>>> print(open('data23.cif').read())   # mmCIF, C-alpha atoms
data_protein
loop_
_atom_site.label_atom_id
_atom_site.label_comp_id
_atom_site.auth_asym_id
_atom_site.auth_seq_id
_atom_site.Cartn_x
_atom_site.Cartn_y
_atom_site.Cartn_z
CA HIS F 1 -2.45 16.01 14.88
CA PRO F 2 -5.72 17.45 13.54
CA ALA F 3 -7.86 19.82 15.54
CA PRO F 4 -11.48 18.71 16.11
CA SER F 5 -13.41 18.67 12.86
CA ALA F 6 -16.02 21.24 11.95
CA PRO F 7 -19.60 20.22 11.08
CA ASP F 8 -18.62 20.12 7.38
CA GLY F 9 -15.81 17.59 8.15
CA SER F 10 -12.97 20.07 7.73
CA PHE F 11 -10.08 20.37 10.18
CA THR F 12 -6.79 22.24 10.50
CA LEU F 13 -3.32 20.77 10.93
CA THR F 14 -0.99 22.97 12.94
CA ARG F 15 2.68 22.90 13.87
CA LEU F 16 3.78 20.52 11.12
CA VAL F 17 7.49 19.79 11.16
CA PRO F 18 9.05 20.41 7.72
CA GLY F 19 9.71 17.23 5.74
CA GLU F 20 8.28 14.57 3.44
CA PHE F 21 4.75 13.39 4.15
CA ARG F 22 2.65 10.59 2.71
CA LEU F 23 -1.03 10.21 3.48
CA ALA F 24 -2.17 6.90 4.91
CA PHE F 25 -5.77 5.85 5.43
CA PHE F 26 -6.82 3.27 8.00
CA GLY F 27 -10.12 2.37 9.60
CA LEU F 28 -12.42 3.52 6.83
CA PRO F 29 -15.94 2.12 7.10
CA PRO F 30 -16.78 -0.93 4.99
CA LYS F 31 -17.54 -0.25 1.32
CA MET F 32 -15.60 3.02 1.32
CA HIS F 33 -12.30 3.99 -0.28
CA VAL F 34 -10.34 7.17 -0.89
CA ARG F 35 -11.01 8.29 -4.45
CA SER F 36 -8.65 11.27 -4.43
CA ALA F 37 -6.49 13.41 -2.18
CA ARG F 38 -5.09 16.71 -3.41
CA LEU F 39 -3.14 19.55 -1.84
CA GLY F 40 -3.75 22.40 -4.26
CA THR F 41 -2.92 20.79 -7.61
CA ALA F 42 -0.66 18.04 -6.20
CA ASP F 43 -1.99 14.47 -6.14
CA LEU F 44 -1.17 12.98 -2.74
CA LEU F 45 -2.52 9.46 -3.17
CA ASP F 46 0.41 7.98 -5.05
CA SER F 47 3.24 10.29 -4.03
CA ALA F 48 4.70 12.08 -1.04
CA ILE F 49 4.60 15.84 -0.55
CA HIS F 50 7.45 17.97 0.75
CA ILE F 51 6.41 20.66 3.25
CA GLU F 52 8.88 23.44 4.10
CA GLY F 53 6.83 26.27 5.55
CA VAL F 54 3.31 27.59 5.79
CA VAL F 55 0.93 25.93 3.34
CA SER F 56 -2.06 27.95 2.25
CA ASP F 57 -3.56 25.36 -0.10
CA SER F 58 -6.43 23.20 1.11
CA LEU F 59 -6.09 19.45 1.39
CA GLU F 60 -9.13 17.89 -0.23
CA ILE F 61 -9.89 14.21 0.35
CA VAL F 62 -12.75 12.63 -1.58
CA LEU F 63 -14.25 9.37 -0.33
CA ASN F 64 -16.30 7.01 -2.47
CA THR F 65 -18.67 4.19 -1.54
CA ASN F 66 -18.39 2.33 -4.86
CA THR F 67 -15.97 -0.46 -4.02
CA GLY F 68 -15.41 -3.76 -5.76
CA SER F 69 -14.86 -7.34 -4.63
CA LEU F 70 -12.98 -10.38 -5.83
CA ASP F 71 -13.74 -14.06 -5.44
CA ALA F 72 -10.45 -15.96 -5.64
CA ILE F 73 -10.12 -19.68 -6.23
CA VAL F 74 -6.69 -21.07 -5.39
CA VAL F 75 -5.51 -24.41 -6.76
CA GLY F 76 -2.30 -26.39 -6.48
CA GLY F 77 -0.21 -27.65 -9.39
CA ASN F 78 -2.51 -30.70 -9.45
CA LYS F 79 -5.53 -28.37 -9.99
CA GLN F 80 -6.97 -29.41 -6.60
CA PRO F 81 -8.21 -26.71 -4.17
CA SER F 82 -5.50 -25.24 -1.97
CA ALA F 83 -6.79 -24.77 1.59
CA ALA F 84 -5.23 -22.31 4.06
CA ALA F 85 -3.33 -20.46 1.31
CA THR F 86 -2.57 -16.78 1.71
CA VAL F 87 -4.16 -14.77 -1.10
CA VAL F 88 -3.16 -11.15 -1.58
CA LEU F 89 -4.42 -8.53 -3.99
CA VAL F 90 -1.46 -6.19 -4.55
CA PRO F 91 -1.87 -2.76 -6.18
CA SER F 92 -0.20 -2.03 -9.52
CA SER F 93 3.47 -1.06 -9.30
CA HIS F 94 2.95 2.73 -9.21
CA ARG F 95 0.56 2.34 -6.21
CA ARG F 96 2.59 -0.15 -4.14
CA GLY F 97 3.23 2.52 -1.48
CA ARG F 98 -0.52 2.68 -0.76
CA PHE F 99 -0.77 0.06 1.97
CA ASP F 100 -4.50 0.76 2.30
CA LEU F 101 -5.01 -0.88 -1.11
CA TYR F 102 -3.58 -4.32 -0.27
CA ARG F 103 -6.18 -7.00 0.41
CA PRO F 104 -5.01 -10.23 2.08
CA ALA F 105 -7.20 -13.26 2.82
CA THR F 106 -6.88 -16.96 3.62
CA THR F 107 -8.56 -19.65 1.58
CA ASP F 108 -11.15 -21.95 3.11
CA SER F 109 -11.13 -25.75 2.80
CA SER F 110 -12.42 -25.47 -0.80
CA GLY F 111 -9.58 -23.11 -1.85
CA ARG F 112 -11.85 -20.05 -1.97
CA ALA F 113 -11.33 -16.57 -0.55
CA SER F 114 -13.43 -13.44 -0.84
CA LEU F 115 -11.75 -10.04 -0.89
CA THR F 116 -13.98 -7.01 -0.38
CA ASN F 117 -13.88 -3.23 -0.07
CA ILE F 118 -11.47 -2.89 -2.99
CA ALA F 119 -10.80 0.50 -4.59
CA PRO F 120 -11.25 0.35 -8.38
CA GLY F 121 -8.06 -0.10 -10.37
CA SER F 122 -5.42 -2.55 -11.58
CA TYR F 123 -3.92 -5.14 -9.27
CA LYS F 124 -1.96 -8.38 -9.25
CA LEU F 125 -3.33 -11.38 -7.41
CA PHE F 126 -0.89 -13.71 -5.65
CA ALA F 127 -1.37 -16.88 -3.61
CA TRP F 128 1.18 -18.63 -1.41
CA GLN F 129 1.04 -21.77 0.64
CA ASP F 130 3.60 -20.25 3.00
CA ILE F 131 4.80 -16.65 3.18
CA GLU F 132 5.81 -14.35 6.01
CA GLU F 133 3.03 -11.96 7.00
CA ASN F 134 3.16 -8.64 5.12
CA ALA F 135 6.16 -9.73 2.99
CA TRP F 136 4.02 -8.77 -0.03
CA GLN F 137 4.48 -5.10 0.95
CA ASN F 138 8.25 -5.37 0.46
CA THR F 139 9.50 -4.70 -3.08
CA GLU F 140 12.58 -6.90 -2.71
CA ALA F 141 10.64 -9.79 -1.20
CA MET F 142 8.13 -9.63 -4.08
CA ARG F 143 10.68 -9.52 -6.89
CA PRO F 144 10.98 -13.35 -7.30
CA PHE F 145 7.18 -13.70 -7.45
CA GLU F 146 6.21 -10.87 -9.83
CA ASP F 147 5.78 -13.15 -12.85
CA ARG F 148 3.55 -15.50 -10.80
CA GLY F 149 0.91 -12.85 -10.13
CA VAL F 150 -2.27 -12.64 -12.19
CA LEU F 151 -3.43 -9.23 -13.46
CA VAL F 152 -6.89 -8.29 -12.18
CA THR F 153 -8.94 -5.16 -12.84
CA ILE F 154 -11.54 -4.15 -10.28
CA SER F 155 -14.35 -1.96 -11.55
CA GLU F 156 -16.55 0.46 -9.62
CA PRO F 157 -18.71 -1.18 -8.26
CA GLY F 158 -18.03 -4.65 -9.49
CA ARG F 159 -17.44 -8.24 -8.58
CA ALA F 160 -14.58 -10.13 -10.24
CA SER F 161 -13.60 -13.79 -10.05
CA GLN F 162 -10.16 -15.28 -10.63
CA THR F 163 -8.53 -18.71 -10.36
CA ILE F 164 -4.83 -18.75 -9.47
CA THR F 165 -2.21 -21.43 -8.87
CA VAL F 166 -0.62 -21.31 -5.44
CA ILE F 167 3.10 -20.53 -5.11
CA GLU F 168 4.64 -23.35 -3.09
#
>>> encode(input="data23.cif", output="structure tokens")
Amino acid sequence: HPAPSAPDGSFTLTRLVPGEFRLAFFGLPPKMHVRSARLGTADLLDSAIHIEGVVSDSLEIVLNTNTGSLDAIVVGGNKQPSAAATVVLVPSSHRRGRFDLYRPATTDSSGRASLTNIAPGSYKLFAWQDIEENAWQNTEAMRPFEDRGVLVTISEPGRASQTITVIE
């Protein structure tokens, strides 16, 4: 648990139990994402860190306000709009452990959904008519759908648009 932050935003973590740690970011303000997180020379965004004893390196987290957005259009096999479909932007395979990067939405009556506050990078876009909530964060649950996702690249800052066929 961090001590109160100093005026410069820094804080100190004390009494860490040895083990594997992975950073998670929740509740960031709109239009903000974590650009990088490093402990010394180790990149902590896409991998865990093992802590055994006293750590003298500083943890540096860099935030960025240049986020992207995606306008998704979901259609059925008949090319008609698919209302109330679940649309999810899933990070590329090496970033699937970063749950802060997933962007779910539900389509409106015209089959459209807008996803915002997206960190730049490569993603796959999926759309389902019926899927259990958060199943897209489970590697095994996603395996049968991997070839149905559409590759999308989000630039900084940028607005992308993509049409996708719903998985029924």
>>> resolve_selection(input="data23.cif", expression="the PyMOL selection byres ((chain F and resi 166) around 8)", output="PDB file with C-alpha atoms, in the coordinates of the input")
ATOM      1  CA  VAL F  74      -6.690 -21.070  -5.390  1.00  0.00           C
ATOM      2  CA  VAL F  75      -5.510 -24.410  -6.760  1.00  0.00           C
ATOM      3  CA  GLY F  76      -2.300 -26.390  -6.480  1.00  0.00           C
ATOM      4  CA  GLY F  77      -0.210 -27.650  -9.390  1.00  0.00           C
ATOM      5  CA  SER F  82      -5.500 -25.240  -1.970  1.00  0.00           C
ATOM      6  CA  ALA F  85      -3.330 -20.460   1.310  1.00  0.00           C
ATOM      7  CA  PHE F 126      -0.890 -13.710  -5.650  1.00  0.00           C
ATOM      8  CA  ALA F 127      -1.370 -16.880  -3.610  1.00  0.00           C
ATOM      9  CA  TRP F 128       1.180 -18.630  -1.410  1.00  0.00           C
ATOM     10  CA  GLN F 129       1.040 -21.770   0.640  1.00  0.00           C
ATOM     11  CA  ILE F 164      -4.830 -18.750  -9.470  1.00  0.00           C
ATOM     12  CA  THR F 165      -2.210 -21.430  -8.870  1.00  0.00           C
ATOM     13  CA  ILE F 167       3.100 -20.530  -5.110  1.00  0.00           C
ATOM     14  CA  GLU F 168       4.640 -23.350  -3.090  1.00  0.00           C
TER      15      GLU F 168
END
>>> atom_distance(input="data23.cif", atom1="atom CA of Ile118 of chain F", atom2="atom CA of Asp71 of chain F")
11.7 Å
>>> residues_around(input="data23.cif", residues="Arg38 of chain F", least_positions_apart="6", cutoff="9 Å", atoms="all atoms listed in the file", output="list in words")
Leu44, Leu45, Ser58, Leu59, Glu60, Ile61 and Val62 of chain F
>>> atom_distance(input="data23.cif", atom1="atom CA of Gly19 of chain F", atom2="atom CA of Met142 of chain F")
28.6 Å
>>> closest_residue(input="data23.cif", among="F:Glu140, F:Asn66, F:Ser110, F:Glu20", to="Lys79 of chain F", atoms="all atoms listed in the file")
F:Ser110
>>> closest_residue(input="data23.cif", among="F:Gly68, F:Gly97, F:Gly158, F:Pro144", to="His33 of chain F", atoms="all atoms listed in the file")
F:Gly68
>>> resolve_selection(input="data23.cif", expression="the PyMOL selection byres ((chain F and resi 94) around 12)", output="PyMOL selection string")
chain F and resi 45-47+90-93+95-98+101+121-123+139
>>> atom_distance(input="data23.cif", atom1="atom CA of Ala84 of chain F", atom2="atom CA of Asn138 of chain F")
21.9 Å
>>> residues_around(input="data23.cif", residues="segment 26-32 of chain F", least_positions_apart="2", cutoff="10 Å", atoms="all atoms listed in the file", output="number ranges by chain")
F: 24, 34-35, 63-69, 99-100, 116-119, 157
>>> closest_residue(input="data23.cif", among="F:Ala160, F:Leu23, F:Val17, F:Leu89", to="Gln137 of chain F", atoms="all atoms listed in the file")
F:Leu89
>>> closest_residue(input="data23.cif", among="F:Leu16, F:Ala105, F:Val152, F:Ala141", to="Val54 of chain F", atoms="all atoms listed in the file")
F:Leu16
>>> closest_residue(input="data23.cif", among="F:Pro7, F:Gly149, F:Pro120, F:Pro18", to="Val88 of chain F", atoms="only C-alpha atoms")
F:Gly149
>>> closest_residue(input="data23.cif", among="F:Thr106, F:Leu125, F:Gln162, F:Asp8", to="Val150 of chain F", atoms="all atoms listed in the file")
F:Leu125
>>> build_atoms(input="data23.cif", residues="segment 136-162 of chain F", atoms="N, CA and C atoms", output="PDB file, keeping the file's coordinate frame")
ATOM      1  N   TRP F 136       4.503  -9.281   1.264  1.00  0.00           N
ATOM      2  CA  TRP F 136       4.020  -8.770  -0.030  1.00  0.00           C
ATOM      3  C   TRP F 136       4.085  -7.260  -0.123  1.00  0.00           C
ATOM      4  N   GLN F 137       4.343  -6.559   0.979  1.00  0.00           N
ATOM      5  CA  GLN F 137       4.480  -5.100   0.950  1.00  0.00           C
ATOM      6  C   GLN F 137       5.928  -4.672   0.753  1.00  0.00           C
ATOM      7  N   ASN F 138       6.831  -5.642   0.618  1.00  0.00           N
ATOM      8  CA  ASN F 138       8.250  -5.370   0.460  1.00  0.00           C
ATOM      9  C   ASN F 138       8.655  -5.633  -0.992  1.00  0.00           C
ATOM     10  N   THR F 139       9.150  -4.598  -1.672  1.00  0.00           N
ATOM     11  CA  THR F 139       9.500  -4.700  -3.080  1.00  0.00           C
ATOM     12  C   THR F 139      10.522  -5.803  -3.344  1.00  0.00           C
ATOM     13  N   GLU F 140      11.545  -5.883  -2.514  1.00  0.00           N
ATOM     14  CA  GLU F 140      12.580  -6.900  -2.710  1.00  0.00           C
ATOM     15  C   GLU F 140      12.039  -8.307  -2.485  1.00  0.00           C
ATOM     16  N   ALA F 141      11.212  -8.475  -1.484  1.00  0.00           N
ATOM     17  CA  ALA F 141      10.640  -9.790  -1.200  1.00  0.00           C
ATOM     18  C   ALA F 141       9.709 -10.241  -2.327  1.00  0.00           C
ATOM     19  N   MET F 142       9.063  -9.308  -3.006  1.00  0.00           N
ATOM     20  CA  MET F 142       8.130  -9.630  -4.080  1.00  0.00           C
ATOM     21  C   MET F 142       8.798  -9.900  -5.423  1.00  0.00           C
ATOM     22  N   ARG F 143      10.005  -9.411  -5.598  1.00  0.00           N
ATOM     23  CA  ARG F 143      10.680  -9.520  -6.890  1.00  0.00           C
ATOM     24  C   ARG F 143      10.658 -10.945  -7.482  1.00  0.00           C
ATOM     25  N   PRO F 144      10.982 -11.998  -6.709  1.00  0.00           N
ATOM     26  CA  PRO F 144      10.980 -13.350  -7.300  1.00  0.00           C
ATOM     27  C   PRO F 144       9.595 -13.854  -7.696  1.00  0.00           C
ATOM     28  N   PHE F 145       8.541 -13.217  -7.199  1.00  0.00           N
ATOM     29  CA  PHE F 145       7.180 -13.700  -7.450  1.00  0.00           C
ATOM     30  C   PHE F 145       6.412 -12.901  -8.496  1.00  0.00           C
ATOM     31  N   GLU F 146       6.960 -11.784  -8.952  1.00  0.00           N
ATOM     32  CA  GLU F 146       6.210 -10.870  -9.830  1.00  0.00           C
ATOM     33  C   GLU F 146       5.586 -11.568 -11.029  1.00  0.00           C
ATOM     34  N   ASP F 147       6.317 -12.491 -11.654  1.00  0.00           N
ATOM     35  CA  ASP F 147       5.780 -13.150 -12.850  1.00  0.00           C
ATOM     36  C   ASP F 147       4.744 -14.225 -12.513  1.00  0.00           C
ATOM     37  N   ARG F 148       4.540 -14.497 -11.219  1.00  0.00           N
ATOM     38  CA  ARG F 148       3.550 -15.500 -10.800  1.00  0.00           C
ATOM     39  C   ARG F 148       2.205 -14.870 -10.449  1.00  0.00           C
ATOM     40  N   GLY F 149       2.159 -13.545 -10.422  1.00  0.00           N
ATOM     41  CA  GLY F 149       0.910 -12.850 -10.130  1.00  0.00           C
ATOM     42  C   GLY F 149       0.013 -12.796 -11.353  1.00  0.00           C
ATOM     43  N   VAL F 150      -1.284 -12.708 -11.114  1.00  0.00           N
ATOM     44  CA  VAL F 150      -2.270 -12.640 -12.190  1.00  0.00           C
ATOM     45  C   VAL F 150      -2.870 -11.231 -12.185  1.00  0.00           C
ATOM     46  N   LEU F 151      -2.862 -10.574 -13.356  1.00  0.00           N
ATOM     47  CA  LEU F 151      -3.430  -9.230 -13.460  1.00  0.00           C
ATOM     48  C   LEU F 151      -4.946  -9.294 -13.278  1.00  0.00           C
ATOM     49  N   VAL F 152      -5.454  -8.370 -12.461  1.00  0.00           N
ATOM     50  CA  VAL F 152      -6.890  -8.290 -12.180  1.00  0.00           C
ATOM     51  C   VAL F 152      -7.280  -6.817 -12.220  1.00  0.00           C
ATOM     52  N   THR F 153      -8.406  -6.523 -12.848  1.00  0.00           N
ATOM     53  CA  THR F 153      -8.940  -5.160 -12.840  1.00  0.00           C
ATOM     54  C   THR F 153     -10.242  -5.173 -12.068  1.00  0.00           C
ATOM     55  N   ILE F 154     -10.334  -4.281 -11.097  1.00  0.00           N
ATOM     56  CA  ILE F 154     -11.540  -4.150 -10.280  1.00  0.00           C
ATOM     57  C   ILE F 154     -12.284  -2.916 -10.752  1.00  0.00           C
ATOM     58  N   SER F 155     -13.546  -3.094 -11.085  1.00  0.00           N
ATOM     59  CA  SER F 155     -14.350  -1.960 -11.550  1.00  0.00           C
ATOM     60  C   SER F 155     -15.188  -1.401 -10.397  1.00  0.00           C
ATOM     61  N   GLU F 156     -15.821  -0.289 -10.654  1.00  0.00           N
ATOM     62  CA  GLU F 156     -16.550   0.460  -9.620  1.00  0.00           C
ATOM     63  C   GLU F 156     -18.040   0.478  -9.912  1.00  0.00           C
ATOM     64  N   PRO F 157     -18.928  -0.035  -9.145  1.00  0.00           N
ATOM     65  CA  PRO F 157     -18.710  -1.180  -8.260  1.00  0.00           C
ATOM     66  C   PRO F 157     -18.732  -2.435  -9.118  1.00  0.00           C
ATOM     67  N   GLY F 158     -18.073  -3.441  -8.694  1.00  0.00           N
ATOM     68  CA  GLY F 158     -18.030  -4.650  -9.490  1.00  0.00           C
ATOM     69  C   GLY F 158     -17.571  -5.837  -8.683  1.00  0.00           C
ATOM     70  N   ARG F 159     -17.845  -7.005  -9.221  1.00  0.00           N
ATOM     71  CA  ARG F 159     -17.440  -8.240  -8.580  1.00  0.00           C
ATOM     72  C   ARG F 159     -16.671  -9.049  -9.626  1.00  0.00           C
ATOM     73  N   ALA F 160     -15.415  -9.357  -9.338  1.00  0.00           N
ATOM     74  CA  ALA F 160     -14.580 -10.130 -10.240  1.00  0.00           C
ATOM     75  C   ALA F 160     -14.351 -11.511  -9.635  1.00  0.00           C
ATOM     76  N   SER F 161     -13.923 -12.429 -10.481  1.00  0.00           N
ATOM     77  CA  SER F 161     -13.600 -13.790 -10.050  1.00  0.00           C
ATOM     78  C   SER F 161     -12.319 -14.196 -10.753  1.00  0.00           C
ATOM     79  N   GLN F 162     -11.433 -14.893 -10.029  1.00  0.00           N
ATOM     80  CA  GLN F 162     -10.160 -15.280 -10.630  1.00  0.00           C
ATOM     81  C   GLN F 162      -9.651 -16.567  -9.997  1.00  0.00           C
TER      82      GLN F 162
END
